[in-house]
>>> print(open('run_23.txt').read())   # compact mmCIF, C-alpha atoms
# COMPACT_ATOMS: atom_id res chain seq x y z
CA MET A 9 107.75 68.53 108.40
CA PRO A 10 110.00 71.29 106.97
CA GLU A 11 108.51 73.63 104.41
CA ARG A 12 109.79 73.29 100.85
CA SER A 13 110.50 75.85 98.18
CA ALA A 14 109.14 75.76 94.62
CA ASP A 15 112.01 73.50 93.48
CA GLY A 16 111.34 70.99 96.26
CA ALA A 17 114.37 71.88 98.42
CA PRO A 18 113.81 72.34 102.18
CA ARG A 19 113.37 76.00 103.09
CA PRO A 20 115.46 77.59 105.83
CA GLN A 21 113.62 78.04 109.10
CA PRO A 22 114.45 78.80 112.76
CA ARG A 23 115.53 75.75 114.74
CA SER A 24 114.15 76.96 118.06
CA PRO A 25 112.47 79.95 119.74
CA THR A 26 116.00 81.06 120.69
CA ASP A 27 116.78 81.46 116.98
CA LEU A 28 113.73 83.70 116.66
CA PHE A 29 114.74 85.76 119.70
CA ILE A 30 118.29 86.28 118.38
CA ALA A 31 117.14 87.11 114.85
CA PHE A 32 114.58 89.69 115.97
CA THR A 33 116.99 91.21 118.49
CA ARG A 34 119.53 91.60 115.70
CA LEU A 35 117.13 93.24 113.28
CA ALA A 36 115.67 95.47 115.99
CA LEU A 37 119.14 96.77 116.95
CA MET A 38 119.99 97.34 113.28
CA GLY A 39 116.78 99.23 112.58
CA PHE A 40 117.52 102.74 113.78
CA GLY A 41 114.88 105.02 112.29
CA GLY A 42 112.83 102.18 110.85
CA VAL A 43 112.88 98.42 111.39
CA LEU A 44 110.74 97.29 108.44
CA PRO A 45 113.44 97.71 105.75
CA VAL A 46 115.89 95.77 107.94
CA ALA A 47 113.23 93.12 108.63
CA GLN A 48 112.72 92.63 104.90
CA ARG A 49 116.44 92.24 104.30
CA GLU A 50 117.00 89.91 107.27
CA LEU A 51 113.92 87.69 107.01
CA VAL A 52 113.76 87.44 103.21
CA GLU A 53 117.25 87.98 101.83
CA ARG A 54 119.61 86.82 104.59
CA LEU A 55 117.69 84.15 106.53
CA GLY A 56 115.24 83.06 103.82
CA TRP A 57 112.45 82.37 106.33
CA LEU A 58 109.95 84.22 104.10
CA THR A 59 109.63 84.88 100.40
CA GLN A 60 109.06 88.42 99.14
CA ALA A 61 105.38 87.60 98.57
CA GLU A 62 104.96 86.11 102.07
CA PHE A 63 106.64 89.13 103.63
CA ALA A 64 104.35 91.51 101.73
CA GLU A 65 101.24 89.52 102.71
CA ARG A 66 102.13 89.43 106.41
CA LEU A 67 103.13 93.08 106.39
CA SER A 68 99.76 93.97 104.84
CA ILE A 69 97.96 92.07 107.61
CA GLY A 70 100.16 93.65 110.28
CA GLN A 71 99.36 97.13 109.01
CA VAL A 72 95.61 96.75 109.50
CA LEU A 73 95.91 95.20 112.98
CA PRO A 74 96.30 97.32 116.13
CA GLY A 75 99.87 97.86 117.27
CA PRO A 76 103.23 98.46 115.57
CA ASN A 77 103.53 96.79 112.18
CA VAL A 78 106.83 95.07 112.89
CA VAL A 79 105.62 93.69 116.24
CA ASN A 80 102.58 92.23 114.51
CA LEU A 81 104.92 90.77 111.91
CA ALA A 82 107.09 89.21 114.63
CA LEU A 83 104.01 87.69 116.27
CA MET A 84 102.87 86.08 113.03
CA ILE A 85 106.29 84.68 112.15
CA GLY A 86 106.93 83.34 115.66
CA ASP A 87 103.50 81.72 115.78
CA ARG A 88 104.02 80.19 112.34
CA TYR A 89 107.02 78.16 113.50
CA PHE A 90 106.60 77.53 117.26
CA GLY A 91 103.12 78.69 118.21
CA LEU A 92 102.77 80.78 121.37
CA ARG A 93 106.39 80.14 122.46
CA GLY A 94 107.66 81.35 119.11
CA ALA A 95 105.43 84.43 119.15
CA MET A 96 106.63 85.41 122.63
CA ALA A 97 110.29 84.81 121.69
CA ALA A 98 110.02 86.89 118.51
CA VAL A 99 108.28 89.79 120.23
CA GLY A 100 110.68 89.60 123.18
CA GLY A 101 113.63 89.89 120.82
CA MET A 102 111.90 92.72 119.02
CA ILE A 103 111.38 94.94 122.07
CA ALA A 104 113.72 93.95 124.94
CA ALA A 105 117.12 95.31 123.88
CA PRO A 106 115.74 98.29 121.89
CA MET A 107 113.63 99.35 124.89
CA ALA A 108 116.68 99.44 127.15
CA LEU A 109 118.68 101.30 124.50
CA VAL A 110 115.94 103.85 123.86
CA LEU A 111 115.62 104.61 127.59
CA ILE A 112 119.38 105.26 127.77
CA LEU A 113 119.35 107.43 124.64
CA ALA A 114 116.28 109.35 125.82
CA ALA A 115 118.00 110.19 129.10
CA ALA A 116 121.13 111.31 127.21
CA TYR A 117 119.14 113.30 124.62
CA GLY A 118 117.43 115.28 127.37
CA GLY A 119 120.74 116.95 128.17
CA LEU A 120 122.02 117.24 124.59
CA ALA A 121 118.93 118.28 122.61
CA ASP A 122 119.94 121.96 122.47
CA ILE A 123 123.28 121.24 120.79
CA PRO A 124 122.95 122.06 117.04
CA ALA A 125 125.05 119.06 115.98
CA VAL A 126 122.75 116.66 117.87
CA SER A 127 119.51 118.11 116.49
CA GLY A 128 121.01 118.06 112.99
CA ALA A 129 122.00 114.42 113.39
CA VAL A 130 118.45 113.52 114.45
CA ARG A 131 117.01 115.26 111.37
CA GLY A 132 119.53 113.44 109.19
CA MET A 133 118.51 110.08 110.62
CA GLY A 134 114.91 110.89 109.74
CA ALA A 135 115.91 111.37 106.09
CA VAL A 136 117.81 108.07 106.10
CA ALA A 137 114.79 106.28 107.59
CA ALA A 138 112.56 107.66 104.83
CA GLY A 139 115.03 106.44 102.21
CA LEU A 140 115.11 102.95 103.74
CA VAL A 141 111.31 102.71 103.69
CA MET A 142 111.21 103.80 100.04
CA ALA A 143 113.87 101.22 99.13
CA MET A 144 111.86 98.48 100.84
CA ALA A 145 108.71 99.54 98.99
CA LEU A 146 110.55 99.29 95.65
CA LYS A 147 111.79 95.79 96.52
CA LEU A 148 108.26 94.65 97.34
CA LEU A 149 106.76 96.22 94.21
CA PRO A 150 107.16 93.07 92.03
CA THR A 151 104.94 91.11 94.44
CA LEU A 152 102.01 93.26 93.30
CA ALA A 153 102.12 91.49 89.94
CA ARG A 154 100.15 88.68 91.61
CA ASN A 155 97.76 91.01 93.40
CA PRO A 156 94.15 90.03 92.66
CA LEU A 157 93.20 93.65 91.99
CA GLY A 158 95.48 93.91 88.97
CA ARG A 159 97.47 97.00 88.04
CA VAL A 160 94.39 98.80 86.73
CA LEU A 161 92.96 98.87 90.27
CA TRP A 162 95.87 98.74 92.73
CA ALA A 163 97.94 101.46 91.08
CA PRO A 164 95.27 104.21 91.39
CA ILE A 165 94.54 103.13 94.97
CA ALA A 166 98.24 103.30 95.89
CA ILE A 167 98.58 106.75 94.28
CA ALA A 168 95.43 108.00 96.03
CA CYS A 169 96.81 106.76 99.36
CA ALA A 170 100.13 108.56 98.84
CA VAL A 171 98.40 111.79 97.80
CA ALA A 172 95.93 111.68 100.70
CA ILE A 173 98.58 111.08 103.37
CA ALA A 174 101.68 112.88 102.06
CA GLY A 175 100.02 115.61 100.00
CA LEU A 176 96.70 116.39 101.66
CA ARG A 177 97.81 115.36 105.18
CA TRP A 178 94.60 113.46 105.85
CA PRO A 179 94.51 111.35 109.04
CA LEU A 180 96.08 107.93 108.51
CA LEU A 181 93.16 106.10 110.15
CA SER A 182 90.61 107.73 107.85
CA VAL A 183 92.64 106.91 104.74
CA LEU A 184 93.19 103.34 105.95
CA LEU A 185 89.51 102.77 106.61
CA ALA A 186 88.40 104.32 103.31
CA LEU A 187 90.98 102.99 100.85
CA GLY A 188 91.70 99.80 102.80
CA GLY A 189 88.00 99.01 102.98
CA LEU A 190 87.60 99.73 99.27
CA SER A 191 90.56 97.47 98.46
CA CYS A 192 89.12 94.63 100.54
CA VAL A 193 85.74 94.89 98.82
CA LEU A 194 87.34 94.98 95.36
CA ALA A 195 89.61 92.02 96.17
CA TRP A 196 86.63 90.02 97.46
CA TRP A 197 84.72 90.86 94.28
CA LYS A 198 87.65 89.83 92.05
CA LEU A 199 88.27 86.57 93.94
CA SER A 200 84.61 85.53 94.15
CA PRO A 201 83.87 82.61 91.81
CA PRO A 202 81.49 83.54 89.00
CA ALA A 203 77.95 82.33 89.49
CA THR A 204 76.94 79.42 87.26
CA GLU A 205 73.73 79.48 85.28
CA GLY A 206 72.09 77.18 87.79
CA GLU A 207 73.04 79.44 90.69
CA ALA A 208 71.91 82.58 88.90
CA GLY A 209 68.29 81.59 89.23
CA PRO A 210 65.56 80.64 86.72
>>> encode(input="run_23.txt", output="structure tokens")
Amino acid sequence: MPERSADGAPRPQPRSPTDLFIAFTRLALMGFGGVLPVAQRELVERLGWLTQAEFAERLSIGQVLPGPNVVNLALMIGDRYFGLRGAMAAVGGMIAAPMALVLILAAAYGGLADIPAVSGAVRGMGAVAAGLVMAMALKLLPTLARNPLGRVLWAPIAIACAVAIAGLRWPLLSVLLALGGLSCVLAWWKLSPPATEGEAGP
């Protein structure tokens, strides 16, 4: 049965694993310097397979799992629609063509790395990638309005994370375990139903 949006209309979804493979190949080839901003635009805005909130939720899960975030995201989306076949098709589209392209570019870069124009272009692409990630973060910001922590809690945690990683240069894994663990505990506490008088004891 097709999924439906809030107004009751059928939501767009891939018709086959081939659709998944093509979509993830497209976004992978468009994502030079960072695939996540392209994934957000393709999956949410162009294809409509996910809402902004669903994208943010799956991205959050993908970030705490081992492996590249966008590959974890592809696995979850593929599995959602076609199970194991969908997961394999999505991941295949995500890595097949980019892997071949990266091998070709790596071989070419080995002979061109000393040319100032090439090294400057690589640094410029890094700045563009950072801008794309910041733009994606701003687009996902409204989804935090429904976060169970509430602004009073999630805003300081987000600021502490940015300061620890970008300012203090602390290891990403340490920050993830500390602040991520704290966030999970706080979310569990906020979502736990209040104890009734009978459950509280005599």
>>> residues_around(input="run_23.txt", residues="Leu184 of chain A", least_positions_apart="6", cutoff="10 Å", atoms="all atoms listed in the file", output="list in words")
Gln71, Val72, Cys169, Ile173, Leu190 and Ser191 of chain A
>>> atom_distance(input="run_23.txt", atom1="atom CA of Gly56 of chain A", atom2="atom CA of Leu109 of chain A")
27.8 Å
>>> closest_residue(input="run_23.txt", among="A:Leu28, A:Ala153, A:Leu187, A:Leu55", to="Met102 of chain A", atoms="all atoms listed in the file")
A:Leu28
>>> axis_aligned_box(input="run_23.txt", around="segment 148-159 of chain A", padding_each_side="4 Å", output="JSON")
{"center_x": 100.7, "center_y": 92.8, "center_z": 92.7, "size_x": 23.1, "size_y": 16.3, "size_z": 17.3}
>>> closest_residue(input="run_23.txt", among="A:Arg19, A:Ala61, A:Val43, A:Val193", to="Leu149 of chain A", atoms="only C-alpha atoms")
A:Ala61
>>> residues_near_point(input="run_23.txt", point="(112.9, 83.9, 106.2)", cutoff="12 Å", atoms="all atoms listed in the file", output="ChimeraX atom specification")
/A:11,13,19-22,27-28,31-32,47-63,81-82,85-86,88-89
>>> atom_distance(input="run_23.txt", atom1="atom CA of Ile165 of chain A", atom2="atom CA of Ala138 of chain A")
21.0 Å
>>> residues_near_point(input="run_23.txt", point="(114.6, 95.2, 116.2)", cutoff="10 Å", atoms="all atoms listed in the file", output="list in words")
Ile30, Ala31, Phe32, Thr33, Arg34, Leu35, Ala36, Leu37, Met38, Gly39, Phe40, Gly42, Val43, Leu44, Val46, Ala47, Val78, Val79, Ala82, Ala98, Val99, Gly100, Gly101, Met102, Ile103, Ala104, Ala105, Pro106 and Met107 of chain A
>>> atom_distance(input="run_23.txt", atom1="atom CA of Thr26 of chain A", atom2="atom CA of Ala97 of chain A")
6.9 Å
>>> closest_residue(input="run_23.txt", among="A:Ala114, A:Leu181, A:Met96, A:Ala186", to="Ala168 of chain A", atoms="only C-alpha atoms")
A:Ala186
>>> closest_residue(input="run_23.txt", among="A:Met142, A:Phe90, A:Trp196, A:Gly188", to="Ile69 of chain A", atoms="all atoms listed in the file")
A:Gly188
